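Remarks on the structure that follows.
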Amino acid sequence: MSVFRNDPQRSPASVIQPSLRRDLLVVGAATLLTFVLSSALQLNEWIESLTGPHEAYQVDELPLTVLAMATGLAWFSWRRSKQVMEQVALRLASEEQYRMLFMENLAGNLLASIDGKIKLANPAAARLLGFDSAEEMNGRSLEEFYLDPEFWATHCKTLLGGGKVELPLLQLRRRDGQVVHAAAKLSARLSPAREPELHMYVADITAVTTMQAELANALEENRRLSQRSMQVQEEERRNLARELHDELGQSLNAIKVDAVAIRDRSDNAAEVRRGAKAIIEVSGQVYDVVRSLMQRLRPVALDELGLRSAVEYGMEQWRRRHPAVRCRFVAEGELDNLSEQLNITLYRLAQECLTNVAKHAQATSVAISLVRASGSEQNGGEVRFSFEDDGRGFDPGQRRQGLGLVGLRERVEALGGNFDLQSAPGQGVRVRASIPLKGQQ
């Protein structure tokens with residue numbers, strides 16, 4: 001690891017070749033020195049004088065045998081040294097690649113001892129934690145960068161047990177005290193010196209988490225504004241319906257009463273009777289129009305009868321206008337003590353679905369169900385709305401001119417609920433909505 005940690009970048013060949021040249025030079029010098037000494041000291045003659053009396057045992061052949069053995073050992077040593085050099089070159093090349101991946105990675109990498117003391121860090125980790133250079137981090141403990149020290153203790157216990165720690169979000173404290181959000185991965189391994197060490201990988205996601213928080217706040221604010229807008233809209237509709245009923249309705253009724261009185265008291269005046277009759281007919285038509293407008297602005301049945309009866313009454317009125325369509329309505333659970341906003345939302349869901357059937361579906365049967373599902377004390381349960389028809393359906397992915405379905409989704413999501421619409425050409429329409437009761441009652 002010395003090349004990886006401290007030495008400047010060098011190729012594997014530059015590390016091996018100087019040693020090889022030096023060894024060859026030593027071998028050549030030793031051979032030359034042996035020749036010079038043998039010539040000067042007459043070693044060959046001296047060896048003959050020693051082995052001559054033992055000619056019967058072929059002792060004089062030993063020098064050549066020893067030379068052959070030495071040559072074989074030299075060849076064997078050369079082969080082994082070549083293999084070792086190839087292995088060293090491969091290891092150095094791998095180390096160089098790992099060094100580049102470690103040091104030049106855009107994400108932070110840290111190596112630490114098993115107790116968390118940092119031994120090596122790359123520049124990205126230094127920037128993430130607020131240091132000018134990676135060397136400044138050496139010797140510091142990973143624990144001091146944890147915003148919550150208890151997390152470090154838990155992670156150490158997991159790592160010492162041979163496990164890995166993967167964290168989609170980890171809060172770290174920079175050198176200047178600022179908090180950064182990072183995705184982290186920690187693992188334990190053995191170093192080349194066979195010593196246990198920790199490897200920590202960190203990627204800065206502070207900007208992403210900040211953007212997510214801002215987006216969540218914006219969505220929540222938009223939801224509150226949408227809910228408030230619908231509340232104001234329904235209040236205005238209620239006021240308009242009340243004004244129409246109290247002012248215009250009474251006035252029209254008074255006109256009708258006067259016209260009836262004129263008609264009944266004018267037995268001999270045919271023209272007066274005819275005019276009074278016309279007034280009665282016109283005032284009746286106007287009153288029917290006003291009543292229809294009041295029903296569209298604010299369903300009176302919802303205030304007078306409650307949600308269950310109002311939806312049932314609305315379906316009955318719709319069925320009378322479309323007698324060819326079979327209608328089925330199912331209600332389960334307690335539906336009479338829901339909030340004003342929840343009641344109007346569920347009623348509008350049923351109303352809009354039936355309106356779409358009349359305009360587009362060409363269906364022969366429709367079904368609506370309202371179910372109140374009980375829950376725990378914490379969540380309070382939910383109300384589930386379901387609608388189905390067997391009409392011609394449509395492709396939900398295509399842009400449509402109407403805003404009814406968009407309005408339905410906004411109504412449900414403004415109350416924290418879920419809205420799901422499924423349809424396909426020739427397969428009818430299925431609408432599902434679930435709205436939590438917590439905070440709605």
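Here's how to read the names in the structure tokens: chain A, B, ... by the order shown, residue numbers from 1 in each chain, ligand numbers from 1 in the order shown.
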All strand (DSSP E or B) positions in segment 146-343 of chain A, as JSON, numbers by chain: {"A": [146, 165, 166, 167, 168, 169, 170, 171, 172, 173, 179, 180, 181, 182, 183, 184, 185, 186, 187, 188, 189, 190, 196, 197, 198, 199, 200, 201, 202, 203, 204, 326, 327, 328, 329, 330, 331, 332]}
Those same residues, written as a PDB file, in the first residue's frame with C-alpha atoms?
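Wrote it out as again-v4.pdb, contents follow:
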ATOM      1  CA  TYR A 146     -22.016  12.055  12.850  1.00  0.00           C
ATOM      2  CA  VAL A 165     -24.598  -0.545   6.499  1.00  0.00           C
ATOM      3  CA  GLU A 166     -26.437   1.155   3.621  1.00  0.00           C
ATOM      4  CA  LEU A 167     -28.116   4.470   4.401  1.00  0.00           C
ATOM      5  CA  PRO A 168     -30.276   6.360   1.883  1.00  0.00           C
ATOM      6  CA  LEU A 169     -30.034   9.388   4.196  1.00  0.00           C
ATOM      7  CA  LEU A 170     -27.359  10.150   6.792  1.00  0.00           C
ATOM      8  CA  GLN A 171     -26.933  13.518   8.471  1.00  0.00           C
ATOM      9  CA  LEU A 172     -23.277  14.562   8.876  1.00  0.00           C
ATOM     10  CA  ARG A 173     -21.732  17.596  10.525  1.00  0.00           C
ATOM     11  CA  VAL A 179     -25.309  19.857   8.494  1.00  0.00           C
ATOM     12  CA  VAL A 180     -25.124  17.984   5.199  1.00  0.00           C
ATOM     13  CA  HIS A 181     -27.332  15.161   3.963  1.00  0.00           C
ATOM     14  CA  ALA A 182     -25.575  12.210   2.387  1.00  0.00           C
ATOM     15  CA  ALA A 183     -26.260   8.755   1.049  1.00  0.00           C
ATOM     16  CA  ALA A 184     -23.733   6.465   2.723  1.00  0.00           C
ATOM     17  CA  LYS A 185     -22.460   2.910   2.633  1.00  0.00           C
ATOM     18  CA  LEU A 186     -20.109   1.410   5.241  1.00  0.00           C
ATOM     19  CA  SER A 187     -18.348  -1.949   5.138  1.00  0.00           C
ATOM     20  CA  ALA A 188     -15.560  -3.725   7.018  1.00  0.00           C
ATOM     21  CA  ARG A 189     -12.693  -5.475   5.223  1.00  0.00           C
ATOM     22  CA  LEU A 190      -9.097  -6.603   5.614  1.00  0.00           C
ATOM     23  CA  PRO A 196      -9.311  -4.911   9.720  1.00  0.00           C
ATOM     24  CA  GLU A 197     -10.381  -1.514   8.429  1.00  0.00           C
ATOM     25  CA  LEU A 198     -13.547   0.369   7.530  1.00  0.00           C
ATOM     26  CA  HIS A 199     -14.507   1.721   4.125  1.00  0.00           C
ATOM     27  CA  MET A 200     -17.060   4.522   3.998  1.00  0.00           C
ATOM     28  CA  TYR A 201     -18.658   5.796   0.800  1.00  0.00           C
ATOM     29  CA  VAL A 202     -20.636   9.064   0.984  1.00  0.00           C
ATOM     30  CA  ALA A 203     -22.463  11.072  -1.686  1.00  0.00           C
ATOM     31  CA  ASP A 204     -23.775  14.573  -1.013  1.00  0.00           C
ATOM     32  CA  ARG A 326     -80.107   0.388 -14.558  1.00  0.00           C
ATOM     33  CA  CYS A 327     -78.890   2.066 -11.351  1.00  0.00           C
ATOM     34  CA  ARG A 328     -77.606   0.448  -8.176  1.00  0.00           C
ATOM     35  CA  PHE A 329     -76.544   2.217  -4.984  1.00  0.00           C
ATOM     36  CA  VAL A 330     -74.935   0.643  -1.899  1.00  0.00           C
ATOM     37  CA  ALA A 331     -74.034   2.411   1.350  1.00  0.00           C
ATOM     38  CA  GLU A 332     -72.312   0.843   4.351  1.00  0.00           C
TER      39      GLU A 332
END
Surrounding residues of segment 214-227 of chain A excluding itself and chain neighbours under 6 positions, 10 Å, only C-alpha atoms, as an MDAnalysis selection string: chainID A and resid 208 233 341 410:416
Just N, CA and C atoms for this one: save the residues we selected as a PDB file, in the first residue's frame.
ATOM      1  N   VAL A 208     -30.597  17.697  -3.143  1.00  0.00           N
ATOM      2  CA  VAL A 208     -31.768  16.896  -3.488  1.00  0.00           C
ATOM      3  C   VAL A 208     -32.784  16.898  -2.361  1.00  0.00           C
ATOM      4  N   GLN A 233     -65.716  28.376  -2.633  1.00  0.00           N
ATOM      5  CA  GLN A 233     -66.648  28.162  -3.741  1.00  0.00           C
ATOM      6  C   GLN A 233     -67.975  27.594  -3.248  1.00  0.00           C
ATOM      7  N   GLN A 341     -67.087  19.496   4.260  1.00  0.00           N
ATOM      8  CA  GLN A 341     -66.256  19.394   3.062  1.00  0.00           C
ATOM      9  C   GLN A 341     -66.235  17.972   2.522  1.00  0.00           C
ATOM     10  N   GLU A 410     -58.626  16.713  -7.858  1.00  0.00           N
ATOM     11  CA  GLU A 410     -58.181  17.792  -6.985  1.00  0.00           C
ATOM     12  C   GLU A 410     -58.994  17.838  -5.702  1.00  0.00           C
ATOM     13  N   ARG A 411     -60.300  17.583  -5.803  1.00  0.00           N
ATOM     14  CA  ARG A 411     -61.138  17.587  -4.613  1.00  0.00           C
ATOM     15  C   ARG A 411     -60.676  16.510  -3.624  1.00  0.00           C
ATOM     16  N   VAL A 412     -60.451  15.312  -4.152  1.00  0.00           N
ATOM     17  CA  VAL A 412     -60.074  14.195  -3.287  1.00  0.00           C
ATOM     18  C   VAL A 412     -58.686  14.411  -2.691  1.00  0.00           C
ATOM     19  N   GLU A 413     -57.713  14.800  -3.521  1.00  0.00           N
ATOM     20  CA  GLU A 413     -56.355  14.973  -3.026  1.00  0.00           C
ATOM     21  C   GLU A 413     -56.234  16.162  -2.085  1.00  0.00           C
ATOM     22  N   ALA A 414     -57.103  17.162  -2.230  1.00  0.00           N
ATOM     23  CA  ALA A 414     -57.081  18.295  -1.302  1.00  0.00           C
ATOM     24  C   ALA A 414     -57.451  17.862   0.111  1.00  0.00           C
ATOM     25  N   LEU A 415     -58.187  16.766   0.226  1.00  0.00           N
ATOM     26  CA  LEU A 415     -58.559  16.239   1.541  1.00  0.00           C
ATOM     27  C   LEU A 415     -57.606  15.136   2.001  1.00  0.00           C
ATOM     28  N   GLY A 416     -56.477  14.993   1.296  1.00  0.00           N
ATOM     29  CA  GLY A 416     -55.495  13.979   1.673  1.00  0.00           C
ATOM     30  C   GLY A 416     -55.834  12.588   1.207  1.00  0.00           C
TER      31      GLY A 416
END
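Omitting segment 129-145 of chain A and its sequence neighbours fewer than 3 positions away, and counting only C-alpha atoms, the residues within 9 Å are A:Ala112, A:Asp115, A:Gly116, A:Lys117, A:Ile118, A:Lys119, A:Leu120, A:Ala121, A:Asn122, A:Pro123, A:Ala124, A:Ala125, A:Ala126, A:Asp148, A:Pro149, A:Phe151, A:Trp152, A:Ala153, A:Gln171, A:Leu172, A:Arg173, A:Arg174, A:Arg175, A:Asp176, A:Gln178, A:Val180.
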Counting only C-alpha atoms, what is within 9 Å of segment 382-391 of chain A, bar same-chain residues fewer than 6 positions away, as an mmCIF file with C-alpha atoms, in the first residue's frame?
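Result file follows (selection21.cif):
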data_model
loop_
_atom_site.group_PDB
_atom_site.id
_atom_site.type_symbol
_atom_site.label_atom_id
_atom_site.label_comp_id
_atom_site.auth_asym_id
_atom_site.auth_seq_id
_atom_site.Cartn_x
_atom_site.Cartn_y
_atom_site.Cartn_z
ATOM 1 C CA LEU A 335 -72.247 8.330 6.909
ATOM 2 C CA LEU A 346 -68.447 12.678 -2.048
ATOM 3 C CA LEU A 349 -68.091 12.673 -7.071
ATOM 4 C CA ALA A 350 -71.382 10.826 -7.561
ATOM 5 C CA CYS A 353 -69.807 10.467 -12.586
ATOM 6 C CA VAL A 357 -72.470 8.755 -18.111
ATOM 7 C CA HIS A 360 -70.488 10.215 -23.070
ATOM 8 C CA ALA A 361 -70.752 6.664 -21.763
ATOM 9 C CA GLN A 362 -73.796 5.190 -23.546
ATOM 10 C CA ALA A 363 -73.969 2.759 -20.630
ATOM 11 C CA THR A 364 -76.803 0.383 -19.734
ATOM 12 C CA SER A 365 -75.958 0.064 -16.029
ATOM 13 C CA VAL A 366 -74.166 2.093 -13.359
ATOM 14 C CA ALA A 367 -73.275 1.292 -9.749
ATOM 15 C CA ILE A 368 -72.202 3.586 -6.901
ATOM 16 C CA SER A 369 -71.106 2.554 -3.430
ATOM 17 C CA LEU A 370 -70.147 4.497 -0.310
ATOM 18 C CA VAL A 371 -68.388 2.583 2.476
ATOM 19 C CA ARG A 372 -67.084 3.907 5.741
ATOM 20 C CA ALA A 373 -64.185 1.708 6.880
ATOM 21 C CA SER A 374 -63.300 1.796 10.539
ATOM 22 C CA GLY A 375 -59.703 2.314 11.620
ATOM 23 C CA GLY A 417 -57.172 11.137 -0.213
ATOM 24 C CA PRO A 425 -62.162 1.812 -25.001
ATOM 25 C CA GLY A 426 -65.103 -0.572 -24.831
ATOM 26 C CA GLN A 427 -64.476 -1.545 -21.194
ATOM 27 C CA GLY A 428 -66.413 1.053 -19.238
ATOM 28 C CA VAL A 429 -65.157 3.327 -16.479
ATOM 29 C CA ARG A 430 -64.154 2.515 -12.901
ATOM 30 C CA VAL A 431 -63.534 5.263 -10.363
ATOM 31 C CA ARG A 432 -62.126 4.602 -6.900
ATOM 32 C CA ALA A 433 -61.542 7.203 -4.201
ATOM 33 C CA SER A 434 -60.552 6.851 -0.558
ATOM 34 C CA ILE A 435 -60.497 9.813 1.829
ATOM 35 C CA PRO A 436 -59.099 9.554 5.369
ATOM 36 C CA LEU A 437 -61.409 10.617 8.168
ATOM 37 C CA LYS A 438 -58.663 11.916 10.433
#
Nearest-residue call for Leu305 of chain A, choices A:Asn337, A:Gln422, A:Thr210, A:Thr345, using only C-alpha atoms: A:Asn337
DSSP-assigned alpha helix (DSSP H) members of segment 283-416 of chain A, reported as JSON, numbers by chain: {"A": [283, 284, 285, 286, 287, 288, 289, 290, 291, 292, 293, 294, 295, 296, 297, 300, 301, 302, 303, 304, 305, 307, 308, 309, 310, 311, 312, 313, 314, 315, 316, 317, 318, 319, 320, 321, 340, 341, 342, 343, 344, 345, 346, 347, 348, 349, 350, 351, 352, 353, 354, 355, 356, 404, 405, 406, 407, 408, 409, 410, 411, 412, 413, 414]}
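Distance-wise, atom CA of Ser283 of chain A and atom CA of Ile255 of chain A end up 7.0 Å apart.
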